[in-house]
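Quick notes on the structure that follows.
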Amino acid sequence: MGPAVIVRDATAADAEAMAAIYGHDAVHGTGTFEEAPPSVTDMAARLAAVQERGMPWVVADDNGRVLAFAYAAPYRTRAAYRYTAEDSVYVAPDAMRRGAGRAVLAEVIARCEALGLRQLVAVIGDSANAGSVGLHAALGFEPAGELPDVGYKHGRWLDVVLMQKALNGGAASAPTGGGIDL
């Protein structure tokens, strides 16, 4: 990434770029099991829903062009999961392996720690998704399991890789604060 790239909060004005990045993966990739690209309106609604919960959603901005985005959302909506979030990270095809994904995911991790969360979970589509598995491992996520053949896309069965990162001491002590607004 060049010196002009900054990581900042995503805004509704970024919805078009984020929909294009995500939509490319929906149509051509296996990082998401969605098969149809979301509309700009849908992406803006997803962004708003995450931010209304006080959760982070950030973009890597290169002089007004969104290269990547990442966010954290509740892992599940039952009360016992309120200290655990799930991250998502997507990178524009022409920005892969330039550090944008690492920059946005690192920021999401830091913000989840600041929120007092205790666990961050990655649910990675496709066990062959070496880029996402490697990115998460580089930022301290540990393998937590694999769900074989749970998705069917592009004419083949796909696995899901689970990875997990303890935050704020993980399970070493009881959490403080109220956790995620579910």
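Lettering and numbering for the structure tokens are positional, with chains as A, B, ... in the shown order, residues counted from 1 in each chain, and ligands counted from 1 in the shown order.
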
Which residues of range 103-175 of chain A come within 12 Å of range 14-27 of chain A, and what is each one's closest atom pair and distance in Å (one decimal), counting only C-alpha atoms, sorted by chain and residue number, as a Markdown table?
```
| residue | atom | partner | partner_atom | distance |
| --- | --- | --- | --- | --- |
| A:Gly125 | CA | A:Asp25 | CA | 10.7 |
| A:Asn129 | CA | A:Asp25 | CA | 11.8 |
| A:Lys153 | CA | A:Val27 | CA | 9.6 |
| A:His154 | CA | A:Val27 | CA | 9.0 |
```

Step one, run DSSP on the backbone; step two, keep only residues of range 70-163 of chain A assigned to strand (DSSP E); then write them as a VMD selection string. chain A and resid 70 to 74 84 to 91 119 to 125 142 to 153 156 to 163

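Using only C-alpha atoms, the smallest distance between any of A:Arg118, A:Arg97, A:Arg102, A:Arg46 and Val7 in chain A comes from A:Arg102.
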
Determine, counting only C-alpha atoms, which protein, DNA and RNA residues have an atom within 9 Å of an atom of range 172-177 of chain A; residues of the same chain fewer than 4 positions away are not included. Present the result as a PyMOL selection string. chain A and resi 83+115-118+168

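Excluding Ala48 in chain A itself and any same-chain residue fewer than 6 positions from it, the protein and nucleic acid residues within 10 Å of it, counting only C-alpha atoms, are Ala10, Thr11, Ala12, Asp42, Gly54, Met55 and Trp57 of chain A.
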